[in-house]
Structure formats: structure tokens, C-alpha cells
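Note: the block below is entry_1.txt and it holds compact mmCIF, C-alpha atoms.
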# COMPACT_ATOMS: atom_id res chain seq x y z
CA MET A 1 115.96 151.03 154.54
CA LYS A 2 116.39 152.74 157.90
CA ASN A 3 112.64 152.69 158.61
CA LEU A 4 112.28 148.91 158.54
CA GLY A 5 110.06 147.60 161.35
CA TRP A 6 110.43 144.23 163.07
CA ARG A 7 108.08 142.56 160.56
CA GLN A 8 110.22 143.72 157.66
CA TRP A 9 113.36 142.50 159.40
CA LEU A 10 111.66 139.13 159.85
CA VAL A 11 111.07 139.00 156.08
CA VAL A 12 114.76 139.89 155.49
CA LEU A 13 115.79 137.08 157.85
CA ALA A 14 113.40 134.62 156.19
CA PHE A 15 114.75 135.63 152.76
CA VAL A 16 118.35 135.01 153.82
CA LEU A 17 117.40 131.65 155.36
CA VAL A 18 115.46 130.54 152.26
CA VAL A 19 118.30 131.58 149.92
CA SER A 20 120.81 129.61 152.03
CA PHE A 21 118.44 126.60 152.08
CA THR A 22 118.03 126.77 148.29
CA GLY A 23 121.78 127.15 147.78
CA PHE A 24 122.46 124.11 150.00
CA PHE A 25 120.09 121.89 148.01
CA ALA A 26 121.33 123.30 144.68
CA VAL A 27 124.91 122.33 145.60
CA ARG A 28 123.72 118.88 146.72
CA THR A 29 121.83 118.38 143.44
CA VAL A 30 124.86 119.31 141.34
CA ARG A 31 127.18 117.14 143.49
CA ARG A 32 124.85 114.13 143.20
CA ALA A 33 124.47 114.64 139.44
CA THR A 34 128.25 114.88 138.87
CA TYR A 35 128.80 111.88 141.17
CA TRP A 36 126.40 109.75 139.14
CA ARG A 37 127.90 110.93 135.87
CA SER A 38 131.26 109.46 136.85
CA HIS A 39 129.96 106.34 138.65
CA ARG A 40 128.38 103.66 136.54
CA ASP A 41 126.90 101.61 139.34
CA GLU A 42 124.25 102.51 141.87
CA PRO A 43 124.25 100.61 145.20
CA ILE A 44 122.21 97.39 145.34
CA ARG A 45 119.14 97.95 147.54
CA PRO A 46 116.82 95.38 149.15
CA TRP A 47 113.87 96.40 146.92
CA MET A 48 115.68 95.52 143.70
CA SER A 49 114.86 92.34 141.80
CA ILE A 50 117.38 90.12 140.02
CA GLY A 51 115.97 91.45 136.73
CA TYR A 52 116.48 95.07 137.76
CA ILE A 53 120.01 94.49 139.09
CA SER A 54 120.99 92.68 135.91
CA HIS A 55 119.54 95.57 133.87
CA SER A 56 121.22 98.23 136.02
CA TYR A 57 124.65 96.54 136.13
CA HIS A 58 124.49 95.31 132.52
CA VAL A 59 125.20 91.67 133.37
CA PRO A 60 123.08 88.74 132.19
CA PRO A 61 120.55 87.60 134.84
CA HIS A 62 121.81 84.00 134.86
CA VAL A 63 125.08 85.22 136.43
CA LEU A 64 123.09 86.47 139.42
CA THR A 65 120.61 83.59 139.71
CA GLU A 66 123.48 81.10 139.56
CA ALA A 67 125.38 82.93 142.31
CA LEU A 68 122.35 82.66 144.58
CA GLY A 69 121.65 79.03 143.62
CA LEU A 70 118.32 79.90 141.98
CA PRO A 71 116.86 78.33 138.82
CA PRO A 72 117.62 80.44 135.71
CA GLN A 73 114.05 81.74 135.32
CA PRO A 74 112.73 85.29 135.42
CA ASP A 75 112.18 86.21 139.08
CA ARG A 76 110.18 89.33 139.97
CA ARG A 77 110.82 89.09 143.70
CA PRO A 78 112.84 91.76 145.49
CA ILE A 79 116.12 90.38 146.85
CA ARG A 80 114.90 90.84 150.43
CA ALA A 81 112.24 88.17 149.68
CA ILE A 82 114.94 85.89 148.25
CA ALA A 83 117.10 86.51 151.35
CA ARG A 84 114.17 85.61 153.61
CA GLU A 85 113.51 82.41 151.67
CA GLN A 86 117.18 81.44 151.90
CA ASN A 87 117.42 82.37 155.60
CA ARG A 88 120.24 84.85 154.99
CA PRO A 89 120.55 88.52 155.84
CA VAL A 90 119.96 90.84 152.86
CA SER A 91 123.49 92.22 153.29
CA GLU A 92 124.89 88.73 152.58
CA VAL A 93 122.78 88.39 149.42
CA ILE A 94 123.99 91.84 148.28
CA ALA A 95 127.63 90.83 148.92
CA ILE A 96 127.17 87.59 146.89
CA LEU A 97 125.62 89.55 144.01
CA GLN A 98 128.41 92.16 144.08
CA ASP A 99 131.02 89.39 143.95
CA ALA A 100 129.23 87.71 141.05
CA ILE A 101 129.01 91.02 139.16
CA ALA A 102 132.71 91.78 139.75
CA GLN A 103 133.66 88.30 138.55
CA ALA A 104 131.41 88.47 135.50
CA ARG A 105 133.02 91.77 134.52
CA SER A 106 136.58 90.59 135.04
CA ILE A 107 136.42 87.35 133.04
CA PRO A 108 134.88 86.55 129.64
CA LEU A 109 131.37 85.32 130.29
CA ARG A 110 130.30 81.74 129.99
CA PRO A 111 127.17 81.35 127.89
CA PRO A 112 123.97 80.94 129.92
CA PRO A 113 122.84 77.35 130.62
CA GLY A 114 121.12 75.72 127.67
CA THR A 115 122.88 77.84 125.02
CA GLN A 116 126.20 76.01 124.90
CA GLY A 117 128.43 77.05 122.02
CA LYS A 118 126.82 80.46 121.51
CA THR A 119 128.77 83.50 122.59
CA HIS A 120 127.24 86.37 124.50
CA ASP A 121 128.35 89.95 124.78
CA PRO A 122 127.74 91.19 128.34
CA THR A 123 127.33 94.79 127.18
CA GLN A 124 124.30 93.81 125.13
CA GLY A 125 122.12 93.15 128.18
CA PRO A 126 120.27 89.95 129.08
CA SER A 127 120.81 87.04 126.78
CA PRO A 128 117.84 85.53 124.91
CA MET B 1 114.51 98.59 155.55
CA SER B 2 113.37 102.13 154.75
CA ILE B 3 109.83 103.02 153.70
CA THR B 4 111.14 103.63 150.17
CA ASP B 5 112.51 100.10 149.99
CA GLN B 6 109.24 98.67 151.33
CA VAL B 7 107.14 100.56 148.80
CA LEU B 8 109.34 99.68 145.82
CA ALA B 9 109.48 96.02 146.86
CA ALA B 10 105.65 95.99 147.04
CA LEU B 11 105.44 97.65 143.60
CA LEU B 12 107.65 94.92 142.12
CA LEU B 13 105.57 92.15 143.68
CA TYR B 14 102.00 93.46 143.28
CA GLY B 15 102.24 96.07 140.51
CA LEU B 16 99.32 98.38 139.66
CA PRO B 17 97.20 98.09 142.87
CA VAL B 18 100.22 99.24 144.91
CA LEU B 19 100.91 102.08 142.47
CA PHE B 20 97.27 103.21 142.72
CA GLY B 21 97.14 102.94 146.53
CA VAL B 22 100.40 104.75 147.25
CA ILE B 23 99.66 107.63 144.87
CA LEU B 24 96.12 107.96 146.27
CA ILE B 25 97.38 108.14 149.86
CA CYS B 26 100.17 110.55 148.92
CA SER B 27 97.78 112.92 147.10
CA MET B 28 95.63 113.01 150.23
CA GLY B 29 98.62 114.48 152.08
CA ILE B 30 100.25 111.49 153.76
CA PRO B 31 103.98 111.64 152.91
CA PHE B 32 104.84 108.66 150.72
CA PRO B 33 107.52 108.43 148.02
CA ALA B 34 105.08 108.77 145.09
CA SER B 35 107.43 110.43 142.58
CA LEU B 36 109.91 107.64 143.22
CA MET B 37 107.19 105.05 142.51
CA LEU B 38 106.51 106.67 139.14
CA VAL B 39 110.21 106.69 138.24
CA ALA B 40 110.49 103.02 139.25
CA ALA B 41 107.30 102.17 137.31
CA GLY B 42 108.83 103.86 134.22
CA SER B 43 111.90 101.66 134.60
CA PHE B 44 109.76 98.52 134.97
CA VAL B 45 107.84 99.53 131.82
CA GLN B 46 111.14 99.76 129.94
CA GLN B 47 112.09 96.27 131.16
CA GLY B 48 108.73 94.87 130.02
CA GLU B 49 107.46 94.16 133.53
CA MET B 50 104.62 96.73 133.41
CA ASN B 51 102.41 98.21 130.70
CA LEU B 52 102.94 101.91 129.87
CA TRP B 53 99.29 102.91 129.33
CA SER B 54 98.04 101.04 132.41
CA VAL B 55 100.71 102.75 134.54
CA ILE B 56 99.77 106.23 133.24
CA ALA B 57 96.01 105.61 133.59
CA VAL B 58 96.14 104.01 137.06
CA ALA B 59 98.61 106.54 138.51
CA SER B 60 96.65 109.53 137.13
CA MET B 61 93.37 108.15 138.51
CA GLY B 62 94.90 107.55 141.94
CA ALA B 63 96.34 111.07 142.05
CA VAL B 64 93.14 112.83 140.93
CA LEU B 65 90.98 110.77 143.31
CA GLY B 66 93.29 111.49 146.27
CA ASP B 67 93.22 115.23 145.50
CA HIS B 68 89.42 115.15 145.38
CA VAL B 69 89.12 113.41 148.74
CA ALA B 70 91.30 116.14 150.33
CA TYR B 71 89.49 118.95 148.48
CA GLY B 72 86.07 117.54 149.43
CA LEU B 73 86.98 117.10 153.11
CA ALA B 74 88.34 120.65 153.26
CA ARG B 75 85.35 122.10 151.42
CA TRP B 76 82.64 120.46 153.50
CA GLY B 77 84.34 119.76 156.83
CA GLY B 78 87.25 122.22 157.00
CA ARG B 79 85.23 125.15 155.72
CA ARG B 80 82.68 124.83 158.54
CA LEU B 81 85.47 124.60 161.11
CA VAL B 82 87.38 127.60 159.72
CA GLY B 83 84.12 129.63 159.41
CA ARG B 84 83.21 129.00 163.04
CA LEU B 85 86.74 129.81 164.23
CA SER B 86 86.99 133.03 162.21
CA ARG B 87 83.60 134.24 163.58
CA ARG B 88 84.75 133.54 167.09
CA ILE B 89 88.01 135.46 166.75
CA GLY B 90 86.46 138.10 164.46
CA VAL B 91 88.51 137.67 161.29
CA GLU B 92 85.65 136.98 158.84
CA GLU B 93 86.85 139.80 156.57
CA ASN B 94 90.24 138.14 156.23
CA LEU B 95 88.57 134.87 155.23
CA LYS B 96 86.63 136.66 152.48
CA ARG B 97 89.84 138.28 151.23
CA ALA B 98 91.58 134.88 151.22
CA GLU B 99 88.66 133.48 149.18
CA THR B 100 88.96 136.22 146.55
CA PHE B 101 92.73 135.70 146.36
CA SER B 102 92.27 131.96 145.98
CA ARG B 103 89.73 132.36 143.15
CA ARG B 104 92.15 134.56 141.25
CA TRP B 105 95.37 132.59 141.78
CA SER B 106 94.43 129.00 142.64
CA GLY B 107 94.32 127.81 139.01
CA THR B 108 98.05 128.42 138.56
CA GLY B 109 98.75 127.16 142.09
CA ILE B 110 96.82 123.93 141.55
CA PHE B 111 98.48 123.27 138.18
CA LEU B 112 102.06 123.96 139.35
CA SER B 113 101.68 122.10 142.65
CA ARG B 114 100.64 118.94 140.73
CA TRP B 115 103.90 118.45 138.84
CA LEU B 116 106.53 121.12 139.60
CA VAL B 117 106.27 121.73 143.37
CA THR B 118 104.58 118.50 144.40
CA ALA B 119 105.46 119.04 148.07
CA LEU B 120 102.85 121.82 148.17
CA GLY B 121 100.09 119.73 146.52
CA PRO B 122 98.25 118.62 149.70
CA TRP B 123 98.25 122.20 151.07
CA VAL B 124 96.84 123.60 147.87
CA ASN B 125 94.06 120.94 147.97
CA LEU B 126 93.12 122.05 151.48
CA THR B 127 93.22 125.79 150.80
CA SER B 128 91.26 125.36 147.53
CA GLY B 129 88.58 123.40 149.39
CA ILE B 130 88.38 125.80 152.33
CA ALA B 131 88.24 128.83 150.01
CA ARG B 132 85.51 127.08 147.93
CA TYR B 133 87.49 127.26 144.70
CA PRO B 134 84.97 126.26 141.96
CA TRP B 135 84.98 122.49 141.55
CA GLN B 136 84.84 122.42 137.71
CA ARG B 137 87.99 124.56 137.51
CA PHE B 138 89.67 122.47 140.23
CA VAL B 139 89.04 119.31 138.16
CA LEU B 140 90.44 120.92 135.01
CA TRP B 141 93.73 122.13 136.56
CA ASP B 142 94.05 118.99 138.68
CA VAL B 143 93.69 116.54 135.78
CA LEU B 144 96.02 118.57 133.52
CA GLY B 145 98.70 118.86 136.22
CA GLN B 146 98.50 115.28 137.45
CA VAL B 147 98.66 113.71 133.99
CA LEU B 148 101.68 115.91 133.22
CA TRP B 149 103.33 114.83 136.51
CA VAL B 150 102.72 111.13 135.82
CA VAL B 151 103.91 111.29 132.19
CA LEU B 152 107.00 113.34 133.15
CA TYR B 153 108.19 111.01 135.93
CA VAL B 154 107.33 107.77 134.11
CA THR B 155 109.25 109.05 131.07
CA LEU B 156 112.26 109.92 133.25
CA GLY B 157 112.17 106.42 134.72
CA TYR B 158 111.85 104.93 131.22
CA VAL B 159 114.78 106.90 129.82
CA PHE B 160 117.06 106.35 132.85
CA SER B 161 115.73 102.86 133.54
CA ASP B 162 119.05 101.53 134.89
CA ARG B 163 119.55 104.49 137.27
CA VAL B 164 116.35 104.59 139.37
CA GLN B 165 118.11 105.00 142.73
CA ALA B 166 120.46 107.70 141.41
CA LEU B 167 117.68 109.59 139.66
CA VAL B 168 115.52 109.59 142.77
CA GLU B 169 118.33 111.12 144.86
CA ILE B 170 118.84 113.91 142.31
CA LEU B 171 115.10 114.60 141.94
CA GLY B 172 114.62 114.66 145.73
CA ASN B 173 117.21 117.45 146.05
CA LEU B 174 115.95 119.29 142.98
CA THR B 175 112.39 119.48 144.40
CA TRP B 176 113.68 121.47 147.39
CA VAL B 177 115.62 123.79 145.09
CA VAL B 178 112.38 124.58 143.22
CA VAL B 179 110.40 125.08 146.46
CA GLY B 180 113.18 127.33 147.84
CA LEU B 181 113.35 129.40 144.63
CA ILE B 182 109.60 130.02 144.64
CA VAL B 183 109.57 131.08 148.31
CA ALA B 184 112.69 133.25 147.73
CA VAL B 185 111.00 135.03 144.79
CA ILE B 186 107.86 135.72 146.89
CA LEU B 187 109.90 137.04 149.84
CA GLY B 188 112.18 139.04 147.51
CA TRP B 189 109.11 140.62 145.90
CA ASN B 190 107.89 141.68 149.36
CA LEU B 191 111.29 143.15 150.20
CA LEU B 192 111.33 145.14 146.95
CA GLY B 193 107.93 146.52 147.95
CA TYR B 194 109.34 147.74 151.28
CA VAL B 195 112.33 149.39 149.56
CA ARG B 196 110.05 151.18 147.05
CA PHE B 197 107.73 152.31 149.84
CA ASP B 198 110.75 153.57 151.78
CA ASN B 199 112.05 155.54 148.76
CA LEU B 200 108.63 157.07 148.16
CA GLN B 201 108.50 158.24 151.75
CA ALA B 202 112.04 159.63 151.54
CA ASN B 203 111.07 161.69 148.46
Before anything else, please render the file you have as C-alpha cells.
Amino acid sequence: MKNLGWRQWLVVLAFVLVVSFTGFFAVRTVRRATYWRSHRDEPIRPWMSIGYISHSYHVPPHVLTEALGLPPQPDRRPIRAIAREQNRPVSEVIAILQDAIAQARSIPLRPPPGTQGKTHDPTQGPSP
Amino acid sequence: MSITDQVLAALLLYGLPVLFGVILICSMGIPFPASLMLVAAGSFVQQGEMNLWSVIAVASMGAVLGDHVAYGLARWGGRRLVGRLSRRIGVEENLKRAETFSRRWSGTGIFLSRWLVTALGPWVNLTSGIARYPWQRFVLWDVLGQVLWVVLYVTLGYVFSDRVQALVEILGNLTWVVVGLIVAVILGWNLLGYVRFDNLQAN
């Protein structure tokens, strides 16, 4: 190895840099994967719709529509569009939804409007 | 709001035309979160908001069309530019050698850069076009790789439909691990060559 020229040393340097770069991202990948294995919930983002949030957090959609004062119908809009319509910052809408989710998980759920008397298991996803 | 949020919000509102447009633009080399779109589309398919076959067909068409625009521009515009430049600085021989190399290895490069190392896709389109890689073979590897990419990411989104944001973070990191590993193997191979050459000289 004593005869290495400057080009070869450049390749050695590049190799070391690339291995460190790969190691850094490998550690990040494993850390993210283990984090998500132990955390059930992902953060609510402005692109998400009520339908997606209800699917992701395993709460019936009516819990979320009620919290935002919306009619209990399927709504494809991202929550940033809902926030704009209601003249609120998205962060406020996210906070309302998080509260509603926390409440829905802590107390037995009321049946969705129009299905009085029927019980609903929140772990079974959206109610019919 | 980040570009990712904007794109996903548009996908929710307008569906397939947004999917087609973003994947087309991304395949042409403009950095857009296309893999993320496919994962999200897979999740929306699972929730009954989008149709599986339409998503696969539209996304694959957008990707293949975008690759062809880049390949065509490089082949007819870029080639002339590179030819003129290489004549001026006297490296025409190198260009010919690059062409031969590309003909031998581009098939694998095109296929792998469609689904495994997607970050390299736009570069491979350009180099394939400039090196005049045969069009029929480009189509074959391109379609195979792109359909595999679309099916793979849509399936991931379908299976982990309630974890789109989490999955995207993991995949984003994993892509760089794959890119780094490939570059490390190439550089390591070169280093081994130097060591062998050194030993031969010593003997």
C-alpha cells in the first residue's frame, strides 16, 4: 500500500466517507423502525383527511367530525382545507382532533348519531 | 406546509391526475416525493378511496412517459451538445468508451434505478440517452422496473395503510442506505484492485 498515489488516496477517503454516510443512515433507519414499533400513533399532519386520521388512530370518524362541528358524512378534504374553511390555524384543528381522540380512547364510546342503542367497538374501525 | 404535505393534500382532493402528474415530473428528474405518493395511494386504495388497478396503471404510465421524455431529450439534444464539447476538448475516444460501457451495463442500471435506487433514475435516463442506449431495450427494462416499483410501493402502502407517515420516514432513510452500499461496493472494488496491483508489483 506504500505506493498509493494521490488519486488512490482520494478513493480511500471517498470510501471512508461513503461508509460513514451509509452507517449514519442505517442507524437512523433502525432507530425510526424501532421507534414506530413501540409507538402506535403517527403525528397528525395537515395533508391527512378525517377518514385517514380515523383509520390511522382506530377511532370512528364521527368522533372527529363531531369535534370539529362537521356533519357526520365522509369528507375527503385534507384538514388544512377544513381549517381554512373554519378560519382556524391548522395547529388548532390538530389539537382539537388530538383531544377528541384522547377522550374517545379514555371513555366507552357513544354510538354514532342515528344508530342509537347499538354498541360499537372502537378497535373494529369505522362504524357502519 | 412542506411540499410533501402539499402533494399529499392534492392527491387526496384530486386523485389520479395528481398521481400521474407528480410521477411524470419526478421521473423527468425534478425532485418530488413520488415514492411517498405511491405509499399514500396504496393506503387510500385500502380505505376504498382509490381503485387499485387505476393507481397501478396511471402511476406506471406517468413514470414510463417521464423517463422517455428525459431519455429523448438526452439522446437528441444532450448527445449533440456532449459530442460538440468532446470534439472541442479532444476526448472523443472517452465518449466512445463510455458508449460501449453503457451498452453492456445499462440494462441492469436502468432496471435497478427504477425501483431499488430510485434516486439515480434521472441520471441513468440522461446517460442512457447520451450514450444512445438502444431504445427497444430501454423500453423493456424501464417498463419492467417501473411496474415493479409501483406495485412494490403501492403494496407497502396497502399493507401498512394506517402508518403512511411512519413508513415514508423509514423508506426515505433506507433509500440512502442502499445508495451508500452500492457506492461503497464500487469504491471498495477499486481499492481491492489497487491492493492487488501493489502486491503484483511487490512480487
- Message: Using Å and a single decimal, report how far atom CA of B:Phe160 sits from atom CA of A:Trp36.
- Response: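 Atom-to-atom, atom CA of A:Trp36 and atom CA of B:Phe160 are spaced 11.8 Å apart.
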- Message: Just the number, please: distance in Å from atom CA of B:Leu144 to atom CA of B:Phe111, one decimal.
- Response: 7.1 Å
- Counting all atoms listed in the file, which residues from chain B have an atom at most 6 Å from any atom of chain A, and could you show them as a ChimeraX atom specification? /B:5,8-9,162,170,173-174,177,180,184,187
A:Ala102 surroundings by all atoms listed in the file, 12 Å radius, close-in-sequence under 5 positions cut, as an mmCIF file with C-alpha atoms, in the frame of the given file:
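Writing done, so here's out.cif:
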data_model
loop_
_atom_site.group_PDB
_atom_site.id
_atom_site.type_symbol
_atom_site.label_atom_id
_atom_site.label_comp_id
_atom_site.auth_asym_id
_atom_site.auth_seq_id
_atom_site.Cartn_x
_atom_site.Cartn_y
_atom_site.Cartn_z
ATOM 1 C CA ASP A 41 126.900 101.610 139.340
ATOM 2 C CA TYR A 57 124.650 96.540 136.130
ATOM 3 C CA HIS A 58 124.490 95.310 132.520
ATOM 4 C CA VAL A 59 125.200 91.670 133.370
ATOM 5 C CA VAL A 63 125.080 85.220 136.430
ATOM 6 C CA LEU A 64 123.090 86.470 139.420
ATOM 7 C CA ALA A 67 125.380 82.930 142.310
ATOM 8 C CA ALA A 95 127.630 90.830 148.920
ATOM 9 C CA ILE A 96 127.170 87.590 146.890
ATOM 10 C CA LEU A 97 125.620 89.550 144.010
ATOM 11 C CA ILE A 107 136.420 87.350 133.040
ATOM 12 C CA PRO A 108 134.880 86.550 129.640
ATOM 13 C CA LEU A 109 131.370 85.320 130.290
#
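Shortest separation to A:Thr34 among B:Leu85, B:Leu167, B:Trp76, B:Tyr194 occurs at residue B:Leu167, atoms counted being all atoms listed in the file.
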- Item | Atom-to-atom span, atom CA of A:Glu92 and atom CA of A:His62, Å |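 Computing it gives 18.6 Å between the two atoms.
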- List the residues sitting within 9 Å of (96.4, 115.4, 147.8) in the file's frame, using only C-alpha atoms, as a ChimeraX atom specification. /B:23-30,63-71,114,121-126
- B:Val164: which residues within 8 Å, counting only C-alpha atoms, same-chain residues fewer than 6 positions away excluded, as a list in words?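 Answer for this query is Val39, Ala40, Ser43 and Gly157 of chain B.
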Could you add the missing atoms to stretch 68-102 of chain A, up to N, CA and C atoms, and return them as a CSV table (one decimal), in the coordinates of the input?
chain,number,residue,atom,x,y,z
A,68,LEU,N,123.2,82.9,143.4
A,68,LEU,CA,122.4,82.7,144.6
A,68,LEU,C,121.7,81.3,144.6
A,69,GLY,N,122.2,80.4,143.7
A,69,GLY,CA,121.6,79.0,143.6
A,69,GLY,C,120.2,79.0,143.2
A,70,LEU,N,119.7,79.9,142.4
A,70,LEU,CA,118.3,79.9,142.0
A,70,LEU,C,118.2,79.3,140.6
A,71,PRO,N,117.0,78.8,140.2
A,71,PRO,CA,116.9,78.3,138.8
A,71,PRO,C,116.9,79.5,137.9
A,72,PRO,N,117.4,79.3,136.6
A,72,PRO,CA,117.6,80.4,135.7
A,72,PRO,C,116.3,80.9,135.1
A,73,GLN,N,115.3,81.2,135.9
A,73,GLN,CA,114.0,81.7,135.3
A,73,GLN,C,113.9,83.2,135.8
A,74,PRO,N,113.0,83.9,135.0
A,74,PRO,CA,112.7,85.3,135.4
A,74,PRO,C,112.1,85.3,136.8
A,75,ASP,N,112.6,86.2,137.7
A,75,ASP,CA,112.2,86.2,139.1
A,75,ASP,C,111.9,87.7,139.4
A,76,ARG,N,110.6,87.9,139.7
A,76,ARG,CA,110.2,89.3,140.0
A,76,ARG,C,110.4,89.7,141.4
A,77,ARG,N,110.8,88.8,142.3
A,77,ARG,CA,110.8,89.1,143.7
A,77,ARG,C,112.0,90.0,144.0
A,78,PRO,N,111.7,91.0,145.0
A,78,PRO,CA,112.8,91.8,145.5
A,78,PRO,C,113.8,90.9,146.2
A,79,ILE,N,115.1,91.3,146.3
A,79,ILE,CA,116.1,90.4,146.8
A,79,ILE,C,115.9,90.2,148.4
A,80,ARG,N,115.2,91.1,149.0
A,80,ARG,CA,114.9,90.8,150.4
A,80,ARG,C,114.0,89.6,150.6
A,81,ALA,N,113.1,89.4,149.6
A,81,ALA,CA,112.2,88.2,149.7
A,81,ALA,C,113.1,86.9,149.4
A,82,ILE,N,114.0,87.0,148.5
A,82,ILE,CA,114.9,85.9,148.2
A,82,ILE,C,115.8,85.6,149.5
A,83,ALA,N,116.3,86.7,150.1
A,83,ALA,CA,117.1,86.5,151.4
A,83,ALA,C,116.3,85.8,152.4
A,84,ARG,N,115.0,86.2,152.6
A,84,ARG,CA,114.2,85.6,153.6
A,84,ARG,C,114.0,84.1,153.3
A,85,GLU,N,113.7,83.8,152.0
A,85,GLU,CA,113.5,82.4,151.7
A,85,GLU,C,114.8,81.6,151.9
A,86,GLN,N,115.9,82.2,151.7
A,86,GLN,CA,117.2,81.4,151.9
A,86,GLN,C,117.7,81.6,153.3
A,87,ASN,N,117.0,82.2,154.2
A,87,ASN,CA,117.4,82.4,155.6
A,87,ASN,C,118.8,83.0,155.7
A,88,ARG,N,119.0,84.1,154.9
A,88,ARG,CA,120.2,84.8,155.0
A,88,ARG,C,119.9,86.3,155.2
A,89,PRO,N,120.8,87.1,155.8
A,89,PRO,CA,120.6,88.5,155.8
A,89,PRO,C,120.7,89.1,154.4
A,90,VAL,N,119.9,90.2,154.2
A,90,VAL,CA,120.0,90.8,152.9
A,90,VAL,C,121.4,91.3,152.5
A,91,SER,N,122.1,91.7,153.6
A,91,SER,CA,123.5,92.2,153.3
A,91,SER,C,124.4,91.1,152.7
A,92,GLU,N,124.1,89.9,153.1
A,92,GLU,CA,124.9,88.7,152.6
A,92,GLU,C,124.5,88.5,151.1
A,93,VAL,N,123.2,88.6,150.8
A,93,VAL,CA,122.8,88.4,149.4
A,93,VAL,C,123.4,89.5,148.5
A,94,ILE,N,123.4,90.7,149.1
A,94,ILE,CA,124.0,91.8,148.3
A,94,ILE,C,125.5,91.6,148.0
A,95,ALA,N,126.2,91.1,149.1
A,95,ALA,CA,127.6,90.8,148.9
A,95,ALA,C,127.8,89.7,147.9
A,96,ILE,N,127.0,88.7,147.9
A,96,ILE,CA,127.2,87.6,146.9
A,96,ILE,C,127.0,88.2,145.5
A,97,LEU,N,125.9,89.0,145.3
A,97,LEU,CA,125.6,89.6,144.0
A,97,LEU,C,126.8,90.5,143.5
A,98,GLN,N,127.3,91.3,144.5
A,98,GLN,CA,128.4,92.2,144.1
A,98,GLN,C,129.6,91.4,143.6
A,99,ASP,N,129.9,90.3,144.3
A,99,ASP,CA,131.0,89.4,144.0
A,99,ASP,C,130.8,88.8,142.5
A,100,ALA,N,129.6,88.3,142.3
A,100,ALA,CA,129.2,87.7,141.0
A,100,ALA,C,129.4,88.7,139.9
A,101,ILE,N,128.9,90.0,140.2
A,101,ILE,CA,129.0,91.0,139.2
A,101,ILE,C,130.5,91.3,138.9
A,102,ALA,N,131.3,91.5,139.9
A,102,ALA,CA,132.7,91.8,139.8
A,102,ALA,C,133.4,90.7,138.9
